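Chemist: The structure that follows is given in the form of structure tokens.
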Amino acid sequence: MIRIIDKINSVKKLDIGCFPTPVHRLKNTERELGHEKIFIKRDDLTGIGPGGNKIRSLEYILMEAKEGGADTILVSGPMNSNLCTITACVCKKMNFDCISIVNGNKPIEFKGNLLLDKLLELDSLYIGNVTEQERGEYVEDLYRKLQEEGRKPYIIKHGASSGIGAMGYVNAIIELQEQCSKLNIKIDEIFAPGANGGVAAGLIYGNTVLDFPFKINVISVEYENDLLEQNINRIIKEIEEITAVGFNYKLKDACNIVDNYKGKGWGAKTSESEKMVFDFPRKEGVFVENIYTSKVLVGMFDLIRNKRISGNACFIHTGGFSSLFGQF
Ligand SMILES: *Cc1c(COP(=O)(O)O)cnc(C)c1O
């Protein structure tokens, strides 16, 4: 097992975030749910820009870009994207140029992440209401154009949910296990979001490396189980290529994926998730947003209430704080 961890540690990354992120109890939530111990891991506090899970992914992705001699990072996403803003922040720190390619028309009002983008003087290209595939083609064209101009562009693919990006969450779960022993706490069940599946794939792979100290619950915020599972499996394969250590486990045995809290999918709030955006900070002084983190909490609360999990729970707060200001 030590050897596998050595291999994981030998994958190069930037060392720019603030880790380990804090772990603490949610006592008012424990009281409300009548559940003994509920923890939160504050991956919203990863230390650069508005923080969040993307810092862990970008430590790996931008190291790959740096090693390849890139000078310009191309990142794309929907309007008010966490990834675009956080990438722009990390690029400032690492002295990369950054261009964001964004769905929709140039906004009149700059709220949420868009305000931060403006403060950063991020070069944002608004390409109208296109599909994800069309956006991908636009990014590829821009990549070629920049190359012809003599620049060295690098594209961040799959919303940073690639094997290399997911390495951040392989590390995160190893970090969590170390924290459990240092803080002398026991965590049984982890709750994390599943959109493109990068966070989930990293956690699941890392948990396997550690020989399953945790049970992982993935709350889908975007796709139905089948598609999310396909994405997670694809990313795990990519991780296995990077570490050169493969496991032949079935995803169904390695985690619990649930898709009944996602409502109409990515970005579509449900009445429960919207209520959570108000209720949770009023209890715990911690903000959650409408797209990812509130849905995970709705799922976690429901599974705890229905006694579907046993033992101590831990909510992985993946961030998104700045997007909240563009959601109302
Ligand atoms: C991007 C993002 C995620 C990503 O989830 P994946 O399943 O890895 O795609 C989760 N939470 C927040 C707040 C994010 O910004």
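How things are named: the first chain in the structure tokens is A, the next is B, and so on; residues count from 1 in each chain; ligands count from 1 in the order shown.
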Quick one: residues within 6 Å of ligand 1, with only C-alpha atoms and all ligand atoms, as an MDAnalysis selection string?
Modeler: chainID A and resid 82 161 193:199 292 318:320
Chemist: Would you please extract all alpha helix (DSSP H) residues from range 57-235 of chain A, as assigned by DSSP on the backbone, and give them as an MDAnalysis selection string?
Modeler: chainID A and resid 57:67 82:94 113:119 132:148 163:183 198:209 225:235
Chemist: Which residue out of A:Gly246, A:Gly34, A:Val298, A:Gly49 has the minimum interatomic distance to Asp279 in chain A when only C-alpha atoms are used?
Modeler: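 Counting only C-alpha atoms, the residue closest to Asp279 in chain A is A:Val298.
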Chemist: What gap, in Å, lies between CA of Tyr261 in chain A and CA of Arg56 in chain A?
Modeler: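 For CA of Tyr261 in chain A relative to CA of Arg56 in chain A, the distance reads 25.5 Å.
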Chemist: Considering only C-alpha atoms, can you say which of A:Val221, A:Ile242, A:Ile204, A:Gly285 comes closest to Cys255 in chain A?
Modeler: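 Result for the nearest residue to Cys255 in chain A: A:Ile204.
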Chemist: For the structure I just gave you, how does DSSP split range 283-320 of chain A - specifically, which residues are strand (DSSP E)? Reply as a list of chain:residue names.
Modeler: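 Restricting range 283-320 of chain A to strand (DSSP E) produces A:Ala313, A:Cys314, A:Phe315, A:Ile316.
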Chemist: Between A:Glu30, A:Glu36, A:Glu284, A:Asp43, single out the one closest to Tyr169 in chain A, counting only C-alpha atoms.
Modeler: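 Nearest to Tyr169 in chain A: A:Asp43.
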Chemist: Which residues are close to Asn129 in chain A, i.e. within 12 Å by only C-alpha atoms, leaving aside same-chain residues fewer than 3 positions away? Reply as an mmCIF file with all heavy atoms, in the first residue's frame.
Modeler:
data_model
loop_
_atom_site.group_PDB
_atom_site.id
_atom_site.type_symbol
_atom_site.label_atom_id
_atom_site.label_comp_id
_atom_site.auth_asym_id
_atom_site.auth_seq_id
_atom_site.Cartn_x
_atom_site.Cartn_y
_atom_site.Cartn_z
ATOM 1 N N GLY A 77 -16.615 27.519 -19.855
ATOM 2 C CA GLY A 77 -17.695 27.137 -18.943
ATOM 3 C C GLY A 77 -18.935 27.956 -19.209
ATOM 4 O O GLY A 77 -18.958 28.827 -20.081
ATOM 5 N N PRO A 78 -19.976 27.686 -18.424
ATOM 6 C CA PRO A 78 -21.184 28.497 -18.533
ATOM 7 C C PRO A 78 -20.963 29.862 -17.881
ATOM 8 O O PRO A 78 -19.933 30.090 -17.257
ATOM 9 C CB PRO A 78 -22.201 27.676 -17.736
ATOM 10 C CG PRO A 78 -21.385 26.898 -16.756
ATOM 11 C CD PRO A 78 -20.083 26.627 -17.424
ATOM 12 N N MET A 79 -21.920 30.747 -18.041
ATOM 13 C CA MET A 79 -21.871 32.062 -17.390
ATOM 14 C C MET A 79 -21.765 31.853 -15.873
ATOM 15 O O MET A 79 -22.378 30.940 -15.339
ATOM 16 C CB MET A 79 -23.198 32.760 -17.731
ATOM 17 C CG MET A 79 -23.266 34.213 -17.423
ATOM 18 S SD MET A 79 -22.281 35.206 -18.536
ATOM 19 C CE MET A 79 -23.298 35.342 -19.984
ATOM 20 N N ILE A 101 -13.678 31.121 -22.236
ATOM 21 C CA ILE A 101 -14.647 31.042 -23.324
ATOM 22 C C ILE A 101 -15.981 30.676 -22.668
ATOM 23 O O ILE A 101 -16.116 29.600 -22.078
ATOM 24 C CB ILE A 101 -14.217 29.996 -24.377
ATOM 25 C CG1 ILE A 101 -12.875 30.415 -25.013
ATOM 26 C CG2 ILE A 101 -15.275 29.841 -25.458
ATOM 27 C CD1 ILE A 101 -11.651 29.887 -24.356
ATOM 28 N N VAL A 102 -16.925 31.598 -22.773
ATOM 29 C CA VAL A 102 -18.113 31.514 -21.933
ATOM 30 C C VAL A 102 -19.380 31.457 -22.781
ATOM 31 O O VAL A 102 -19.516 32.210 -23.749
ATOM 32 C CB VAL A 102 -18.181 32.757 -21.001
ATOM 33 C CG1 VAL A 102 -19.351 32.652 -20.041
ATOM 34 C CG2 VAL A 102 -16.877 32.937 -20.238
ATOM 35 N N ASN A 103 -20.292 30.586 -22.417
ATOM 36 C CA ASN A 103 -21.596 30.541 -23.084
ATOM 37 C C ASN A 103 -22.388 31.801 -22.768
ATOM 38 O O ASN A 103 -22.316 32.314 -21.659
ATOM 39 C CB ASN A 103 -22.422 29.369 -22.566
ATOM 40 C CG ASN A 103 -21.957 28.063 -23.127
ATOM 41 O OD1 ASN A 103 -20.833 27.657 -22.880
ATOM 42 N ND2 ASN A 103 -22.807 27.413 -23.888
ATOM 43 N N GLY A 104 -23.168 32.239 -23.738
ATOM 44 C CA GLY A 104 -24.065 33.368 -23.506
ATOM 45 C C GLY A 104 -23.491 34.664 -24.051
ATOM 46 O O GLY A 104 -22.397 34.694 -24.622
ATOM 47 N N ASN A 105 -24.288 35.712 -23.879
ATOM 48 C CA ASN A 105 -23.875 37.015 -24.387
ATOM 49 C C ASN A 105 -23.244 37.838 -23.289
ATOM 50 O O ASN A 105 -23.523 37.623 -22.112
ATOM 51 C CB ASN A 105 -25.095 37.756 -24.946
ATOM 52 C CG ASN A 105 -25.728 36.960 -26.078
ATOM 53 O OD1 ASN A 105 -25.030 36.438 -26.949
ATOM 54 N ND2 ASN A 105 -27.051 36.822 -26.034
ATOM 55 N N LYS A 106 -22.405 38.766 -23.697
ATOM 56 C CA LYS A 106 -21.711 39.597 -22.716
ATOM 57 C C LYS A 106 -22.733 40.233 -21.777
ATOM 58 O O LYS A 106 -23.674 40.888 -22.217
ATOM 59 C CB LYS A 106 -20.902 40.676 -23.435
ATOM 60 C CG LYS A 106 -20.018 41.439 -22.482
ATOM 61 C CD LYS A 106 -19.046 42.358 -23.191
ATOM 62 C CE LYS A 106 -18.230 43.063 -22.115
ATOM 63 N NZ LYS A 106 -17.301 44.035 -22.614
ATOM 64 N N TYR A 126 -17.372 35.861 -24.924
ATOM 65 C CA TYR A 126 -18.757 35.386 -24.818
ATOM 66 C C TYR A 126 -19.196 34.931 -26.200
ATOM 67 O O TYR A 126 -19.235 35.716 -27.142
ATOM 68 C CB TYR A 126 -19.660 36.495 -24.280
ATOM 69 C CG TYR A 126 -19.250 36.926 -22.895
ATOM 70 C CD1 TYR A 126 -18.414 38.034 -22.704
ATOM 71 C CD2 TYR A 126 -19.649 36.202 -21.770
ATOM 72 C CE1 TYR A 126 -18.011 38.410 -21.436
ATOM 73 C CE2 TYR A 126 -19.243 36.575 -20.498
ATOM 74 C CZ TYR A 126 -18.426 37.682 -20.345
ATOM 75 O OH TYR A 126 -18.012 38.046 -19.078
ATOM 76 N N GLU A 132 -22.397 22.545 -25.790
ATOM 77 C CA GLU A 132 -21.076 22.264 -25.240
ATOM 78 C C GLU A 132 -20.114 21.835 -26.339
ATOM 79 O O GLU A 132 -18.936 22.173 -26.326
ATOM 80 C CB GLU A 132 -21.180 21.184 -24.157
ATOM 81 C CG GLU A 132 -20.854 21.745 -22.785
ATOM 82 C CD GLU A 132 -20.881 20.706 -21.685
ATOM 83 O OE1 GLU A 132 -19.864 20.039 -21.442
ATOM 84 O OE2 GLU A 132 -21.958 20.577 -21.078
ATOM 85 N N GLN A 133 -20.668 21.080 -27.303
ATOM 86 C CA GLN A 133 -19.809 20.619 -28.398
ATOM 87 C C GLN A 133 -19.323 21.795 -29.249
ATOM 88 O O GLN A 133 -18.149 21.873 -29.608
ATOM 89 C CB GLN A 133 -20.555 19.602 -29.253
ATOM 90 C CG GLN A 133 -19.587 18.834 -30.137
ATOM 91 C CD GLN A 133 -20.297 17.986 -31.171
ATOM 92 O OE1 GLN A 133 -21.418 17.538 -30.961
ATOM 93 N NE2 GLN A 133 -19.635 17.759 -32.292
ATOM 94 N N GLU A 134 -20.239 22.711 -29.540
ATOM 95 C CA GLU A 134 -19.854 23.892 -30.331
ATOM 96 C C GLU A 134 -18.824 24.731 -29.579
ATOM 97 O O GLU A 134 -17.875 25.249 -30.183
ATOM 98 C CB GLU A 134 -21.092 24.746 -30.645
ATOM 99 C CG GLU A 134 -21.997 24.114 -31.697
ATOM 100 C CD GLU A 134 -23.385 24.764 -31.768
ATOM 101 O OE1 GLU A 134 -23.875 25.301 -30.745
ATOM 102 O OE2 GLU A 134 -23.980 24.717 -32.850
ATOM 103 N N ARG A 135 -19.008 24.825 -28.280
ATOM 104 C CA ARG A 135 -18.028 25.578 -27.482
ATOM 105 C C ARG A 135 -16.657 24.905 -27.558
ATOM 106 O O ARG A 135 -15.639 25.559 -27.705
ATOM 107 C CB ARG A 135 -18.503 25.686 -26.028
ATOM 108 C CG ARG A 135 -17.699 26.670 -25.197
ATOM 109 C CD ARG A 135 -18.192 26.741 -23.765
ATOM 110 N NE ARG A 135 -17.850 25.537 -23.030
ATOM 111 C CZ ARG A 135 -18.531 25.089 -21.981
ATOM 112 N NH1 ARG A 135 -19.611 25.724 -21.547
ATOM 113 N NH2 ARG A 135 -18.152 23.994 -21.368
#
Chemist: Skipping near chain neighbours, those fewer than 4 positions away, what residues fall within 7 Å of Phe287 in chain A using only C-alpha atoms, listed as a list in words?
Modeler: Phe280, Pro281 and Phe321 of chain A
Chemist: Contacts between range 299-305 of chain A and range 123-235 of chain A, please, where a residue of range 123-235 of chain A counts if it comes within 9 Å (with only C-alpha atoms); show its shortest atom pair and distance in Å to one decimal, rows by chain and ascending number, as a Markdown table.
Modeler:
| residue | atom | partner | partner_atom | distance |
| --- | --- | --- | --- | --- |
| A:Phe191 | CA | A:Met300 | CA | 6.6 |
| A:Asn217 | CA | A:Met300 | CA | 8.5 |
| A:Ile219 | CA | A:Gly299 | CA | 6.5 |
Chemist: Could those residues be written to a file, using all heavy atoms, as an mmCIF file, in the first residue's frame?
Modeler:
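Generated output (part_3.cif):
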data_model
loop_
_atom_site.group_PDB
_atom_site.id
_atom_site.type_symbol
_atom_site.label_atom_id
_atom_site.label_comp_id
_atom_site.auth_asym_id
_atom_site.auth_seq_id
_atom_site.Cartn_x
_atom_site.Cartn_y
_atom_site.Cartn_z
ATOM 1 N N PHE A 191 -20.003 12.527 2.000
ATOM 2 C CA PHE A 191 -20.998 13.012 1.034
ATOM 3 C C PHE A 191 -20.359 14.046 0.119
ATOM 4 O O PHE A 191 -19.830 15.051 0.584
ATOM 5 C CB PHE A 191 -22.192 13.628 1.768
ATOM 6 C CG PHE A 191 -22.985 12.594 2.508
ATOM 7 C CD1 PHE A 191 -22.604 12.205 3.781
ATOM 8 C CD2 PHE A 191 -24.072 11.982 1.915
ATOM 9 C CE1 PHE A 191 -23.308 11.216 4.461
ATOM 10 C CE2 PHE A 191 -24.785 10.995 2.590
ATOM 11 C CZ PHE A 191 -24.395 10.612 3.856
ATOM 12 N N ASN A 217 -20.708 8.504 -0.572
ATOM 13 C CA ASN A 217 -22.020 8.779 -1.155
ATOM 14 C C ASN A 217 -21.868 9.925 -2.140
ATOM 15 O O ASN A 217 -21.434 11.021 -1.764
ATOM 16 C CB ASN A 217 -23.007 9.182 -0.059
ATOM 17 C CG ASN A 217 -23.213 8.074 0.948
ATOM 18 O OD1 ASN A 217 -24.002 7.159 0.728
ATOM 19 N ND2 ASN A 217 -22.484 8.124 2.055
ATOM 20 N N ILE A 219 -23.764 12.433 -4.511
ATOM 21 C CA ILE A 219 -25.086 12.987 -4.806
ATOM 22 C C ILE A 219 -25.019 13.651 -6.173
ATOM 23 O O ILE A 219 -24.329 14.667 -6.347
ATOM 24 C CB ILE A 219 -25.504 14.033 -3.733
ATOM 25 C CG1 ILE A 219 -25.293 13.503 -2.301
ATOM 26 C CG2 ILE A 219 -26.943 14.500 -3.969
ATOM 27 C CD1 ILE A 219 -26.161 12.355 -1.882
#
